[in-house]
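Reproduced below: entry00.pdb, with PDB, C-alpha atoms.
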ATOM      1  CA  MET A   1     -53.906-113.008   4.049
ATOM      2  CA  LYS A   2     -56.513-111.428   1.838
ATOM      3  CA  ALA A   3     -56.899-108.480   4.207
ATOM      4  CA  LYS A   4     -53.163-107.827   4.126
ATOM      5  CA  ARG A   5     -53.296-107.844   0.355
ATOM      6  CA  ILE A   6     -56.080-105.262   0.376
ATOM      7  CA  VAL A   7     -54.115-103.132   2.855
ATOM      8  CA  PHE A   8     -51.074-103.246   0.602
ATOM      9  CA  LEU A   9     -53.218-102.316  -2.404
ATOM     10  CA  GLY A  10     -54.701 -99.419  -0.463
ATOM     11  CA  VAL A  11     -51.268 -98.148   0.554
ATOM     12  CA  LEU A  12     -50.077 -98.282  -3.059
ATOM     13  CA  SER A  13     -53.190 -96.450  -4.315
ATOM     14  CA  ALA A  14     -52.814 -93.770  -1.659
ATOM     15  CA  LEU A  15     -49.121 -93.284  -2.410
ATOM     16  CA  ALA A  16     -49.804 -93.074  -6.163
ATOM     17  CA  SER A  17     -52.515 -90.446  -5.613
ATOM     18  CA  ILE A  18     -50.408 -88.378  -3.211
ATOM     19  CA  MET A  19     -47.472 -88.447  -5.633
ATOM     20  CA  PHE A  20     -49.771 -87.210  -8.369
ATOM     21  CA  LEU A  21     -51.055 -84.332  -6.230
ATOM     22  CA  ILE A  22     -47.580 -83.286  -5.085
ATOM     23  CA  GLU A  23     -46.314 -83.340  -8.664
ATOM     24  CA  ASN A  24     -49.140 -81.078  -9.739
ATOM     25  CA  LEU A  25     -47.858 -78.359  -7.430
ATOM     26  CA  PHE A  26     -44.758 -77.997  -9.601
ATOM     27  CA  PRO A  27     -44.768 -76.398 -13.033
ATOM     28  CA  PRO A  28     -44.706 -78.869 -15.949
ATOM     29  CA  LEU A  29     -41.398 -79.975 -17.428
ATOM     30  CA  ILE A  30     -40.777 -77.751 -20.483
ATOM     31  CA  VAL A  31     -43.893 -78.923 -22.323
ATOM     32  CA  PRO A  32     -47.431 -78.380 -20.976
ATOM     33  CA  GLY A  33     -48.837 -81.411 -19.252
ATOM     34  CA  ALA A  34     -45.465 -83.149 -19.021
ATOM     35  CA  LYS A  35     -44.699 -84.612 -15.635
ATOM     36  CA  LEU A  36     -42.282 -87.080 -14.155
ATOM     37  CA  GLY A  37     -45.128 -89.476 -13.334
ATOM     38  CA  LEU A  38     -43.732 -90.621 -10.009
ATOM     39  CA  GLY A  39     -47.156 -92.041  -9.113
ATOM     40  CA  ASN A  40     -46.480 -94.747 -11.676
ATOM     41  CA  ILE A  41     -43.803 -96.232  -9.423
ATOM     42  CA  PHE A  42     -46.640 -97.587  -7.282
ATOM     43  CA  VAL A  43     -48.607 -98.800 -10.288
ATOM     44  CA  LEU A  44     -45.554-100.790 -11.390
ATOM     45  CA  LEU A  45     -45.080-102.115  -7.858
ATOM     46  CA  ALA A  46     -48.704-103.266  -7.798
ATOM     47  CA  LEU A  47     -48.161-104.916 -11.179
ATOM     48  CA  VAL A  48     -45.073-106.801  -9.984
ATOM     49  CA  TYR A  49     -46.194-107.718  -6.471
ATOM     50  CA  LEU A  50     -49.888-108.292  -6.985
ATOM     51  CA  GLY A  51     -50.900-108.606 -10.620
ATOM     52  CA  PHE A  52     -52.748-106.933 -13.460
ATOM     53  CA  CYS A  53     -56.165-106.445 -11.835
ATOM     54  CA  ASP A  54     -54.646-104.886  -8.727
ATOM     55  CA  ALA A  55     -52.494-102.533 -10.792
ATOM     56  CA  LEU A  56     -55.652-101.594 -12.686
ATOM     57  CA  ILE A  57     -57.318-100.692  -9.381
ATOM     58  CA  VAL A  58     -54.361 -98.446  -8.460
ATOM     59  CA  VAL A  59     -54.596 -96.739 -11.865
ATOM     60  CA  VAL A  60     -58.351 -96.165 -11.576
ATOM     61  CA  VAL A  61     -58.130 -94.865  -7.990
ATOM     62  CA  LYS A  62     -55.296 -92.528  -8.985
ATOM     63  CA  SER A  63     -57.266 -91.192 -11.969
ATOM     64  CA  LEU A  64     -60.446 -90.724  -9.901
ATOM     65  CA  ILE A  65     -58.610 -88.767  -7.211
ATOM     66  CA  ALA A  66     -56.888 -86.727  -9.930
ATOM     67  CA  ALA A  67     -60.346 -86.008 -11.393
ATOM     68  CA  ILE A  68     -61.632 -84.707  -8.047
ATOM     69  CA  PHE A  69     -58.865 -82.099  -8.041
ATOM     70  CA  GLY A  70     -58.362 -81.501 -11.750
ATOM     71  CA  GLY A  71     -61.915 -81.741 -13.054
ATOM     72  CA  ILE A  72     -63.912 -84.622 -14.494
ATOM     73  CA  SER A  73     -62.624 -83.893 -18.011
ATOM     74  CA  THR A  74     -59.157 -85.121 -17.029
ATOM     75  CA  LEU A  75     -60.606 -88.646 -16.695
ATOM     76  CA  LEU A  76     -61.303 -88.700 -20.431
ATOM     77  CA  TYR A  77     -57.661 -88.537 -21.345
ATOM     78  CA  SER A  78     -55.994 -90.041 -18.311
ATOM     79  CA  ILE A  79     -57.949 -93.317 -18.202
ATOM     80  CA  PRO A  80     -57.452 -94.559 -21.814
ATOM     81  CA  ALA A  81     -53.766 -93.642 -21.809
ATOM     82  CA  SER A  82     -52.887 -95.149 -18.459
ATOM     83  CA  ILE A  83     -54.849 -98.356 -19.084
ATOM     84  CA  THR A  84     -53.195 -98.883 -22.472
ATOM     85  CA  SER A  85     -49.729 -98.363 -21.043
ATOM     86  CA  LEU A  86     -50.596-100.686 -18.148
ATOM     87  CA  ILE A  87     -51.625-103.404 -20.629
ATOM     88  CA  VAL A  88     -48.384-102.910 -22.572
ATOM     89  CA  SER A  89     -46.235-103.130 -19.448
ATOM     90  CA  PHE A  90     -48.173-106.191 -18.238
ATOM     91  CA  CYS A  91     -47.544-107.963 -21.562
ATOM     92  CA  LEU A  92     -43.838-107.072 -21.636
ATOM     93  CA  LEU A  93     -43.418-108.118 -18.009
ATOM     94  CA  ASN A  94     -45.185-111.447 -18.339
ATOM     95  CA  PHE A  95     -44.595-112.770 -21.819
ATOM     96  CA  SER A  96     -40.855-112.320 -21.799
ATOM     97  CA  LYS A  97     -38.192-112.328 -19.131
ATOM     98  CA  SER A  98     -35.641-110.430 -21.176
ATOM     99  CA  PHE A  99     -36.911-106.925 -20.385
ATOM    100  CA  SER A 100     -35.952-104.934 -17.311
ATOM    101  CA  ILE A 101     -38.443-102.859 -15.347
ATOM    102  CA  VAL A 102     -36.617 -99.672 -16.447
ATOM    103  CA  ALA A 103     -37.165-100.331 -20.162
ATOM    104  CA  ILE A 104     -40.779-101.384 -19.597
ATOM    105  CA  SER A 105     -41.409 -98.198 -17.645
ATOM    106  CA  SER A 106     -39.886 -96.007 -20.358
ATOM    107  CA  ILE A 107     -41.922 -97.446 -23.233
ATOM    108  CA  ALA A 108     -45.083 -97.331 -21.086
ATOM    109  CA  ALA A 109     -44.446 -93.644 -20.325
ATOM    110  CA  ILE A 110     -44.005 -92.821 -24.034
ATOM    111  CA  ILE A 111     -47.220 -94.655 -24.944
ATOM    112  CA  ASN A 112     -49.062 -92.933 -22.090
ATOM    113  CA  ASN A 113     -47.921 -89.450 -23.164
ATOM    114  CA  LEU A 114     -48.670 -89.976 -26.849
ATOM    115  CA  ILE A 115     -52.133 -91.442 -26.257
ATOM    116  CA  GLN A 116     -52.994 -88.570 -23.905
ATOM    117  CA  ASN A 117     -51.851 -86.158 -26.586
ATOM    118  CA  VAL A 118     -53.977 -87.835 -29.285
ATOM    119  CA  VAL A 119     -57.059 -88.067 -27.054
ATOM    120  CA  PHE A 120     -56.600 -84.406 -26.107
ATOM    121  CA  ALA A 121     -56.428 -83.496 -29.812
ATOM    122  CA  LEU A 122     -59.610 -85.497 -30.488
ATOM    123  CA  ILE A 123     -61.537 -83.971 -27.574
ATOM    124  CA  THR A 124     -60.542 -80.379 -28.309
ATOM    125  CA  LYS A 125     -60.779 -81.017 -32.095
ATOM    126  CA  THR A 126     -57.452 -79.284 -32.709
ATOM    127  CA  ALA A 127     -54.833 -81.264 -34.570
ATOM    128  CA  ASP A 128     -52.280 -78.565 -33.710
ATOM    129  CA  VAL A 129     -51.767 -80.012 -30.207
ATOM    130  CA  LEU A 130     -50.018 -82.914 -31.893
ATOM    131  CA  LEU A 131     -47.131 -80.504 -32.490
ATOM    132  CA  TYR A 132     -46.201 -81.149 -28.873
ATOM    133  CA  SER A 133     -45.961 -84.913 -29.440
ATOM    134  CA  PRO A 134     -42.173 -85.174 -30.096
ATOM    135  CA  TYR A 135     -41.378 -83.326 -26.867
ATOM    136  CA  LEU A 136     -43.922 -85.422 -24.976
ATOM    137  CA  ALA A 137     -42.411 -88.632 -26.379
ATOM    138  CA  LEU A 138     -38.889 -87.545 -25.455
ATOM    139  CA  ILE A 139     -39.932 -86.493 -21.961
ATOM    140  CA  GLY A 140     -41.832 -89.785 -21.655
ATOM    141  CA  LEU A 141     -38.667 -91.718 -22.470
ATOM    142  CA  LEU A 142     -36.589 -89.830 -19.897
ATOM    143  CA  SER A 143     -39.217 -89.717 -17.150
ATOM    144  CA  GLY A 144     -39.979 -93.392 -17.767
ATOM    145  CA  ILE A 145     -36.325 -94.240 -17.159
ATOM    146  CA  VAL A 146     -36.362 -92.193 -13.930
ATOM    147  CA  THR A 147     -39.542 -93.833 -12.586
ATOM    148  CA  GLY A 148     -38.289 -97.218 -13.797
ATOM    149  CA  LEU A 149     -35.035 -96.819 -11.892
ATOM    150  CA  ALA A 150     -36.946 -95.737  -8.795
ATOM    151  CA  THR A 151     -39.162 -98.834  -9.099
ATOM    152  CA  PHE A 152     -36.075-100.983  -9.618
ATOM    153  CA  TYR A 153     -34.485 -99.801  -6.384
ATOM    154  CA  VAL A 154     -37.739-100.127  -4.447
ATOM    155  CA  LEU A 155     -38.099-103.707  -5.722
ATOM    156  CA  ARG A 156     -34.505-104.457  -4.851
ATOM    157  CA  TYR A 157     -34.588-103.265  -1.265
ATOM    158  CA  LEU A 158     -38.215-103.776  -0.333
ATOM    159  CA  SER A 159     -38.820-107.244  -1.731
ATOM    160  CA  THR A 160     -38.066-109.546   1.197
ATOM    161  CA  PHE A 161     -39.640-107.241   3.728
ATOM    162  CA  VAL A 162     -42.826-106.720   1.784
ATOM    163  CA  ILE A 163     -43.241-110.364   0.872
ATOM    164  CA  ASN A 164     -42.888-111.527   4.462
ATOM    165  CA  LYS A 165     -45.010-108.762   5.903
ATOM    166  CA  PHE A 166     -47.899-108.944   3.490
ATOM    167  CA  ASN A 167     -47.774-112.613   2.453
ATOM    168  CA  LEU A 168     -47.651-111.681  -1.197
ATOM    169  CA  LYS A 169     -46.638-115.142  -2.261
ATOM    170  CA  THR A 170     -49.559-115.690  -4.564
ATOM    171  CA  SER A 171     -48.090-113.834  -7.476
ATOM    172  CA  TYR A 172     -44.539-113.150  -6.406
ATOM    173  CA  ARG A 173     -42.074-115.560  -4.879
ATOM    174  CA  GLU A 174     -38.588-115.216  -3.492
ATOM    175  CA  GLU A 175     -36.038-117.941  -4.072
TER
ATOM    176  CA  MET B   1     -44.933-117.124 -10.202
ATOM    177  CA  ARG B   2     -42.341-114.385 -10.514
ATOM    178  CA  ASN B   3     -38.815-114.776  -9.287
ATOM    179  CA  ILE B   4     -37.061-111.993  -7.418
ATOM    180  CA  LYS B   5     -33.936-112.595  -9.504
ATOM    181  CA  GLU B   6     -35.769-111.334 -12.570
ATOM    182  CA  PHE B   7     -35.587-107.819 -11.154
ATOM    183  CA  ASN B   8     -31.970-107.701 -10.042
ATOM    184  CA  LYS B   9     -30.638-105.829 -13.055
ATOM    185  CA  PRO B  10     -31.530-102.343 -14.255
ATOM    186  CA  PHE B  11     -30.512-103.326 -17.791
ATOM    187  CA  LYS B  12     -31.105-106.559 -19.665
ATOM    188  CA  LYS B  13     -30.319-107.705 -23.184
ATOM    189  CA  GLY B  14     -33.896-107.384 -24.399
ATOM    190  CA  ASP B  15     -34.005-103.751 -23.300
ATOM    191  CA  LEU B  16     -32.060-102.716 -26.382
ATOM    192  CA  ILE B  17     -35.073-103.588 -28.567
ATOM    193  CA  ILE B  18     -37.357-101.453 -26.388
ATOM    194  CA  TYR B  19     -34.960 -98.501 -26.357
ATOM    195  CA  ILE B  20     -34.501 -98.712 -30.128
ATOM    196  CA  ILE B  21     -38.296 -98.750 -30.622
ATOM    197  CA  ALA B  22     -38.612 -95.818 -28.201
ATOM    198  CA  ILE B  23     -35.984 -93.774 -30.037
ATOM    199  CA  ILE B  24     -37.646 -94.566 -33.381
ATOM    200  CA  ILE B  25     -40.989 -93.292 -32.006
ATOM    201  CA  VAL B  26     -39.352 -90.058 -30.793
ATOM    202  CA  VAL B  27     -37.521 -89.504 -34.105
ATOM    203  CA  VAL B  28     -40.663 -90.215 -36.172
ATOM    204  CA  CYS B  29     -42.584 -87.669 -34.076
ATOM    205  CA  PHE B  30     -39.860 -85.038 -34.496
ATOM    206  CA  VAL B  31     -39.586 -85.566 -38.261
ATOM    207  CA  SER B  32     -43.341 -85.540 -38.908
ATOM    208  CA  VAL B  33     -43.824 -82.416 -36.796
ATOM    209  CA  ALA B  34     -40.887 -80.653 -38.490
ATOM    210  CA  LEU B  35     -42.578 -81.316 -41.829
ATOM    211  CA  LEU B  36     -45.991 -80.104 -40.680
ATOM    212  CA  LYS B  37     -45.073 -77.109 -38.551
ATOM    213  CA  GLN B  38     -45.652 -73.660 -39.955
ATOM    214  CA  GLU B  39     -42.320 -71.929 -39.592
ATOM    215  CA  SER B  40     -43.423 -68.463 -40.581
ATOM    216  CA  TYR B  41     -46.647 -66.936 -39.422
ATOM    217  CA  GLN B  42     -48.206 -63.540 -39.840
ATOM    218  CA  GLY B  43     -50.523 -63.488 -36.895
ATOM    219  CA  PHE B  44     -52.743 -65.533 -34.662
ATOM    220  CA  GLU B  45     -56.404 -66.140 -34.057
ATOM    221  CA  VAL B  46     -58.386 -66.818 -30.925
ATOM    222  CA  LEU B  47     -61.230 -69.317 -30.963
ATOM    223  CA  ILE B  48     -63.737 -70.304 -28.313
ATOM    224  CA  ASP B  49     -65.680 -73.501 -28.917
ATOM    225  CA  ASN B  50     -64.235 -73.431 -32.471
ATOM    226  CA  GLU B  51     -65.809 -70.014 -33.137
ATOM    227  CA  LEU B  52     -63.544 -67.234 -34.277
ATOM    228  CA  ILE B  53     -63.293 -64.434 -31.702
ATOM    229  CA  MET B  54     -60.362 -62.312 -32.816
ATOM    230  CA  GLN B  55     -57.431 -62.189 -35.169
ATOM    231  CA  PHE B  56     -54.186 -60.361 -34.650
ATOM    232  CA  ASP B  57     -51.709 -59.377 -37.326
ATOM    233  CA  PHE B  58     -48.104 -58.978 -36.185
ATOM    234  CA  SER B  59     -46.909 -57.013 -39.219
ATOM    235  CA  SER B  60     -49.519 -54.257 -38.857
ATOM    236  CA  ASN B  61     -50.015 -54.759 -35.091
ATOM    237  CA  SER B  62     -53.754 -54.689 -35.509
ATOM    238  CA  ALA B  63     -56.422 -56.708 -33.776
ATOM    239  CA  LYS B  64     -59.689 -57.551 -35.462
ATOM    240  CA  ILE B  65     -62.663 -58.687 -33.495
ATOM    241  CA  ALA B  66     -65.337 -60.883 -35.023
ATOM    242  CA  ASP B  67     -68.786 -59.415 -35.485
ATOM    243  CA  GLY B  68     -70.983 -59.862 -32.449
ATOM    244  CA  LYS B  69     -68.078 -60.967 -30.281
ATOM    245  CA  GLN B  70     -67.172 -57.556 -28.865
ATOM    246  CA  GLN B  71     -68.544 -58.470 -25.449
ATOM    247  CA  CYS B  72     -66.029 -61.335 -25.204
ATOM    248  CA  ILE B  73     -62.971 -59.095 -25.434
ATOM    249  CA  GLU B  74     -61.749 -56.466 -23.073
ATOM    250  CA  LYS B  75     -58.588 -54.543 -23.863
ATOM    251  CA  ILE B  76     -56.609 -54.184 -20.626
ATOM    252  CA  SER B  77     -53.500 -52.470 -21.960
ATOM    253  CA  ASP B  78     -51.684 -52.057 -25.251
ATOM    254  CA  ASN B  79     -50.748 -55.717 -25.480
ATOM    255  CA  LYS B  80     -53.050 -57.385 -23.003
ATOM    256  CA  TYR B  81     -56.515 -58.659 -23.807
ATOM    257  CA  LYS B  82     -58.995 -60.345 -21.518
ATOM    258  CA  ILE B  83     -61.069 -62.908 -23.370
ATOM    259  CA  SER B  84     -64.068 -64.143 -21.466
ATOM    260  CA  SER B  85     -66.848 -66.556 -22.276
ATOM    261  CA  GLU B  86     -69.498 -68.569 -20.477
ATOM    262  CA  TYR B  87     -66.711 -71.018 -19.524
ATOM    263  CA  GLY B  88     -64.358 -68.493 -17.880
ATOM    264  CA  PHE B  89     -61.670 -65.990 -18.784
ATOM    265  CA  ASN B  90     -58.107 -66.006 -20.094
ATOM    266  CA  ILE B  91     -55.853 -62.949 -20.224
ATOM    267  CA  ILE B  92     -53.397 -63.041 -23.107
ATOM    268  CA  GLU B  93     -50.258 -60.991 -23.472
ATOM    269  CA  ILE B  94     -48.912 -60.304 -26.948
ATOM    270  CA  ASP B  95     -45.169 -60.088 -27.483
ATOM    271  CA  LYS B  96     -44.963 -58.160 -30.735
ATOM    272  CA  VAL B  97     -41.179 -58.332 -31.049
ATOM    273  CA  ASN B  98     -40.902 -62.102 -30.782
ATOM    274  CA  LYS B  99     -44.279 -62.733 -32.445
ATOM    275  CA  ASN B 100     -45.451 -64.630 -29.438
ATOM    276  CA  VAL B 101     -48.541 -64.911 -27.240
ATOM    277  CA  SER B 102     -48.847 -66.236 -23.730
ATOM    278  CA  VAL B 103     -51.685 -66.663 -21.272
ATOM    279  CA  ILE B 104     -50.798 -64.712 -18.141
ATOM    280  CA  GLU B 105     -53.934 -65.279 -16.112
ATOM    281  CA  THR B 106     -56.890 -67.625 -16.149
ATOM    282  CA  ASP B 107     -59.551 -68.883 -13.767
ATOM    283  CA  CYS B 108     -59.558 -72.472 -15.032
ATOM    284  CA  GLY B 109     -58.986 -75.557 -12.891
ATOM    285  CA  PHE B 110     -56.082 -76.993 -11.134
ATOM    286  CA  SER B 111     -52.995 -77.224 -13.290
ATOM    287  CA  LYS B 112     -53.441 -74.198 -15.625
ATOM    288  CA  GLU B 113     -51.617 -75.864 -18.490
ATOM    289  CA  CYS B 114     -52.374 -73.054 -20.928
ATOM    290  CA  MET B 115     -50.126 -70.666 -18.992
ATOM    291  CA  HIS B 116     -47.141 -72.803 -19.995
ATOM    292  CA  MET B 117     -47.913 -72.941 -23.719
ATOM    293  CA  SER B 118     -46.637 -70.508 -26.307
ATOM    294  CA  LEU B 119     -46.955 -69.963 -30.033
ATOM    295  CA  SER B 120     -43.233 -70.185 -30.684
ATOM    296  CA  GLY B 121     -43.030 -73.435 -28.722
ATOM    297  CA  GLY B 122     -45.848 -75.473 -30.174
ATOM    298  CA  GLY B 123     -47.829 -73.232 -32.492
ATOM    299  CA  VAL B 124     -50.966 -73.529 -30.393
ATOM    300  CA  ILE B 125     -52.284 -72.643 -26.945
ATOM    301  CA  ILE B 126     -55.217 -74.612 -25.621
ATOM    302  CA  CYS B 127     -57.247 -74.199 -22.462
ATOM    303  CA  ALA B 128     -59.445 -77.286 -22.522
ATOM    304  CA  PRO B 129     -61.889 -76.350 -19.719
ATOM    305  CA  HIS B 130     -62.627 -73.001 -21.433
ATOM    306  CA  LYS B 131     -62.634 -74.471 -24.962
ATOM    307  CA  PHE B 132     -60.176 -71.666 -25.658
ATOM    308  CA  THR B 133     -57.673 -71.941 -28.498
ATOM    309  CA  VAL B 134     -54.998 -69.599 -29.826
ATOM    310  CA  LYS B 135     -53.323 -70.679 -33.035
ATOM    311  CA  VAL B 136     -51.072 -69.196 -35.657
ATOM    312  CA  VAL B 137     -52.423 -68.056 -39.013
ATOM    313  CA  ASN B 138     -50.317 -67.578 -42.044
ATOM    314  CA  ALA B 139     -51.804 -64.604 -43.795
ATOM    315  CA  VAL B 140     -54.962 -62.776 -42.855
ATOM    316  CA  ASP B 141     -57.207 -63.052 -45.894
ATOM    317  CA  ASP B 142     -58.619 -59.704 -47.018
ATOM    318  CA  ASP B 143     -62.056 -61.202 -47.617
ATOM    319  CA  LEU B 144     -62.237 -62.247 -43.988
ATOM    320  CA  ARG B 145     -62.019 -58.646 -42.860
ATOM    321  CA  ILE B 146     -65.596 -57.927 -43.882
ATOM    322  CA  GLY B 147     -67.597 -57.615 -40.728
ATOM    323  CA  TRP B 148     -64.514 -57.104 -38.598
ATOM    324  CA  ARG B 149     -63.953 -54.126 -36.387
ATOM    325  CA  ASN B 150     -60.466 -52.728 -36.550
ATOM    326  CA  GLU B 151     -58.810 -52.035 -33.259
ATOM    327  CA  SER B 152     -55.184 -51.085 -33.426
TER
END
Final structure tokens representation of the file:
Amino acid sequence: MKAKRIVFLGVLSALASIMFLIENLFPPLIVPGAKLGLGNIFVLLALVYLGFCDALIVVVVKSLIAAIFGGISTLLYSIPASITSLIVSFCLLNFSKSFSIVAISSIAAIINNLIQNVVFALITKTADVLLYSPYLALIGLLSGIVTGLATFYVLRYLSTFVINKFNLKTSYREE
Amino acid sequence: MRNIKEFNKPFKKGDLIIYIIAIIIVVVCFVSVALLKQESYQGFEVLIDNELIMQFDFSSNSAKIADGKQQCIEKISDNKYKISSEYGFNIIEIDKVNKNVSVIETDCGFSKECMHMSLSGGGVIICAPHKFTVKVVNAVDDDLRIGWRNES
């Protein structure tokens, strides 16, 4: 059972990293650095199916693989932002049942984009980069809704299959 | 223990709060940036590692290169400059009509974000791996011209 869990975690990490690399081949959406963040679908799946620590592993693996291709400096602004938004989505997901995965994803994407923007401004010591923040927040909202909807449909159609196949009953149960 | 039924709706009542907070964040960002942004600018300056390399004035179409930084700049054509440093190079193209600058070529990493930035869009172009910054300046101060080489 534990091995299956690790396999599932590995598949999610690999998918998240591949999504990130494929996305990087396309030009950014309107604003520099803005992306759809499709890799986050798999982070959210890890969060729902497995739990916080496993989602954290997916995030760290994704950031490390991104750093191999994009340079070590990308770690400095990807890690703080993605971990903060992971903590926020974990709290919203677990301390209340009145939020849907789509809304959680959208607020997490906004927080992720804004923190990356602030960290980038701090590292490069130029406050002017913050001028991009409204566009980044808006794109975060929209891309968060898109990734959230994608996660929603994956959860809807994959649930039974995944739970039976990987014995993920420890943190997620079907009734 | 999570229940599968918790995830059967793309929209729930509580979502409204999140969306309202999200929209407030976006609006606050837009308003604060609108207040801070310099609408009119006279020219731009190029910095590497926070050191001034060159200034360009749109009204007189003249470039001024900082003292001792001549080796960093290579004029390719009338409106194209190659700015190189120990970190790498960026080639900028100046659009004098629209008062804009864009990076058309660079040898930095993977995503080349700086090639998608423009002065009219955000007021600043940054290439983080090269510590390269282009930002707008309001008026070029006459006192600053001491020690500058005119190149127009």
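Between Ile73 in chain B and the residues B:Asn90, B:Asn61, B:Ser118, B:Ser102, the shortest atom-to-atom distance, using only C-alpha atoms, involves B:Asn90.
For the residues A:Ile18, A:Val154, A:Ala127, A:Ile101, ranking by smallest atom-to-atom distance to Thr133 in chain B using only C-alpha atoms places A:Ala127 first.
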Point-to-point distance in Å for CA of Leu155 in chain A and CA of Leu44 in chain A: 9.8 Å
Name the residues that the PyMOL selection byres ((chain A) within 8 of (chain B)) pulls out of this structure, and write them as a PDB file with C-alpha atoms, in the coordinates of the input.
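Written out: result04.pdb:
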ATOM      1  CA  ASN A  24     -49.140 -81.078  -9.739  1.00  0.00           C
ATOM      2  CA  LEU A  25     -47.858 -78.359  -7.430  1.00  0.00           C
ATOM      3  CA  PRO A  28     -44.706 -78.869 -15.949  1.00  0.00           C
ATOM      4  CA  VAL A  31     -43.893 -78.923 -22.323  1.00  0.00           C
ATOM      5  CA  PRO A  32     -47.431 -78.380 -20.976  1.00  0.00           C
ATOM      6  CA  GLY A  33     -48.837 -81.411 -19.252  1.00  0.00           C
ATOM      7  CA  PHE A  69     -58.865 -82.099  -8.041  1.00  0.00           C
ATOM      8  CA  GLY A  70     -58.362 -81.501 -11.750  1.00  0.00           C
ATOM      9  CA  GLY A  71     -61.915 -81.741 -13.054  1.00  0.00           C
ATOM     10  CA  SER A  73     -62.624 -83.893 -18.011  1.00  0.00           C
ATOM     11  CA  LYS A  97     -38.192-112.328 -19.131  1.00  0.00           C
ATOM     12  CA  SER A  98     -35.641-110.430 -21.176  1.00  0.00           C
ATOM     13  CA  PHE A  99     -36.911-106.925 -20.385  1.00  0.00           C
ATOM     14  CA  SER A 100     -35.952-104.934 -17.311  1.00  0.00           C
ATOM     15  CA  ILE A 101     -38.443-102.859 -15.347  1.00  0.00           C
ATOM     16  CA  VAL A 102     -36.617 -99.672 -16.447  1.00  0.00           C
ATOM     17  CA  ALA A 103     -37.165-100.331 -20.162  1.00  0.00           C
ATOM     18  CA  ILE A 104     -40.779-101.384 -19.597  1.00  0.00           C
ATOM     19  CA  SER A 106     -39.886 -96.007 -20.358  1.00  0.00           C
ATOM     20  CA  ILE A 107     -41.922 -97.446 -23.233  1.00  0.00           C
ATOM     21  CA  ILE A 110     -44.005 -92.821 -24.034  1.00  0.00           C
ATOM     22  CA  THR A 124     -60.542 -80.379 -28.309  1.00  0.00           C
ATOM     23  CA  ASP A 128     -52.280 -78.565 -33.710  1.00  0.00           C
ATOM     24  CA  VAL A 129     -51.767 -80.012 -30.207  1.00  0.00           C
ATOM     25  CA  LEU A 130     -50.018 -82.914 -31.893  1.00  0.00           C
ATOM     26  CA  LEU A 131     -47.131 -80.504 -32.490  1.00  0.00           C
ATOM     27  CA  TYR A 132     -46.201 -81.149 -28.873  1.00  0.00           C
ATOM     28  CA  SER A 133     -45.961 -84.913 -29.440  1.00  0.00           C
ATOM     29  CA  PRO A 134     -42.173 -85.174 -30.096  1.00  0.00           C
ATOM     30  CA  TYR A 135     -41.378 -83.326 -26.867  1.00  0.00           C
ATOM     31  CA  ALA A 137     -42.411 -88.632 -26.379  1.00  0.00           C
ATOM     32  CA  LEU A 138     -38.889 -87.545 -25.455  1.00  0.00           C
ATOM     33  CA  LEU A 141     -38.667 -91.718 -22.470  1.00  0.00           C
ATOM     34  CA  LEU A 149     -35.035 -96.819 -11.892  1.00  0.00           C
ATOM     35  CA  PHE A 152     -36.075-100.983  -9.618  1.00  0.00           C
ATOM     36  CA  LEU A 155     -38.099-103.707  -5.722  1.00  0.00           C
ATOM     37  CA  ARG A 156     -34.505-104.457  -4.851  1.00  0.00           C
ATOM     38  CA  SER A 159     -38.820-107.244  -1.731  1.00  0.00           C
ATOM     39  CA  THR A 170     -49.559-115.690  -4.564  1.00  0.00           C
ATOM     40  CA  SER A 171     -48.090-113.834  -7.476  1.00  0.00           C
ATOM     41  CA  TYR A 172     -44.539-113.150  -6.406  1.00  0.00           C
ATOM     42  CA  ARG A 173     -42.074-115.560  -4.879  1.00  0.00           C
ATOM     43  CA  GLU A 174     -38.588-115.216  -3.492  1.00  0.00           C
ATOM     44  CA  GLU A 175     -36.038-117.941  -4.072  1.00  0.00           C
TER      45      GLU A 175
END
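The space between CA of Asn117 in chain A and CA of Val103 in chain B spans 20.2 Å.
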Using the chain letters and residue numbers of this document, give as a short mmCIF file (atom, residue, chain, number, x, y, z; two decimals) with C-alpha atoms, keeping the file's coordinate frame the residues selected by the PyMOL selection byres ((chain B and resi 93) around 8).
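Here's the written file result-v2.cif:
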data_model
loop_
_atom_site.label_atom_id
_atom_site.label_comp_id
_atom_site.auth_asym_id
_atom_site.auth_seq_id
_atom_site.Cartn_x
_atom_site.Cartn_y
_atom_site.Cartn_z
CA ASN B 79 -50.75 -55.72 -25.48
CA LYS B 80 -53.05 -57.38 -23.00
CA TYR B 81 -56.52 -58.66 -23.81
CA ILE B 91 -55.85 -62.95 -20.22
CA ILE B 92 -53.40 -63.04 -23.11
CA ILE B 94 -48.91 -60.30 -26.95
CA ASP B 95 -45.17 -60.09 -27.48
CA VAL B 101 -48.54 -64.91 -27.24
CA SER B 102 -48.85 -66.24 -23.73
CA VAL B 103 -51.68 -66.66 -21.27
CA ILE B 104 -50.80 -64.71 -18.14
#
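Of the listed residues (A:Asn94, A:Asn112, A:Ser17, A:Ser105), A:Ser17 comes nearest to Val58 in chain A; the distances count only C-alpha atoms.
The interatomic distance for the pair CA of Phe56 in chain B and CA of Asp78 in chain B works out to 12.8 Å.
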Local residues around (-50.3, -96.6, -14.9), at most 12 Å away, using all atoms listed in the file, as a PyMOL selection string: chain A and resi 12-13+16-17+20+37-47+52-63+78-90+104-113+144+147
Residues within 12 Å of (-63.2, -61.1, -17.0), counting only C-alpha atoms, listed as a list of chain:residue names: B:Gln71, B:Cys72, B:Ile73, B:Glu74, B:Lys75, B:Ile76, B:Tyr81, B:Lys82, B:Ile83, B:Ser84, B:Ser85, B:Glu86, B:Tyr87, B:Gly88, B:Phe89, B:Asn90, B:Ile91, B:Ile92, B:Glu105, B:Thr106, B:Asp107
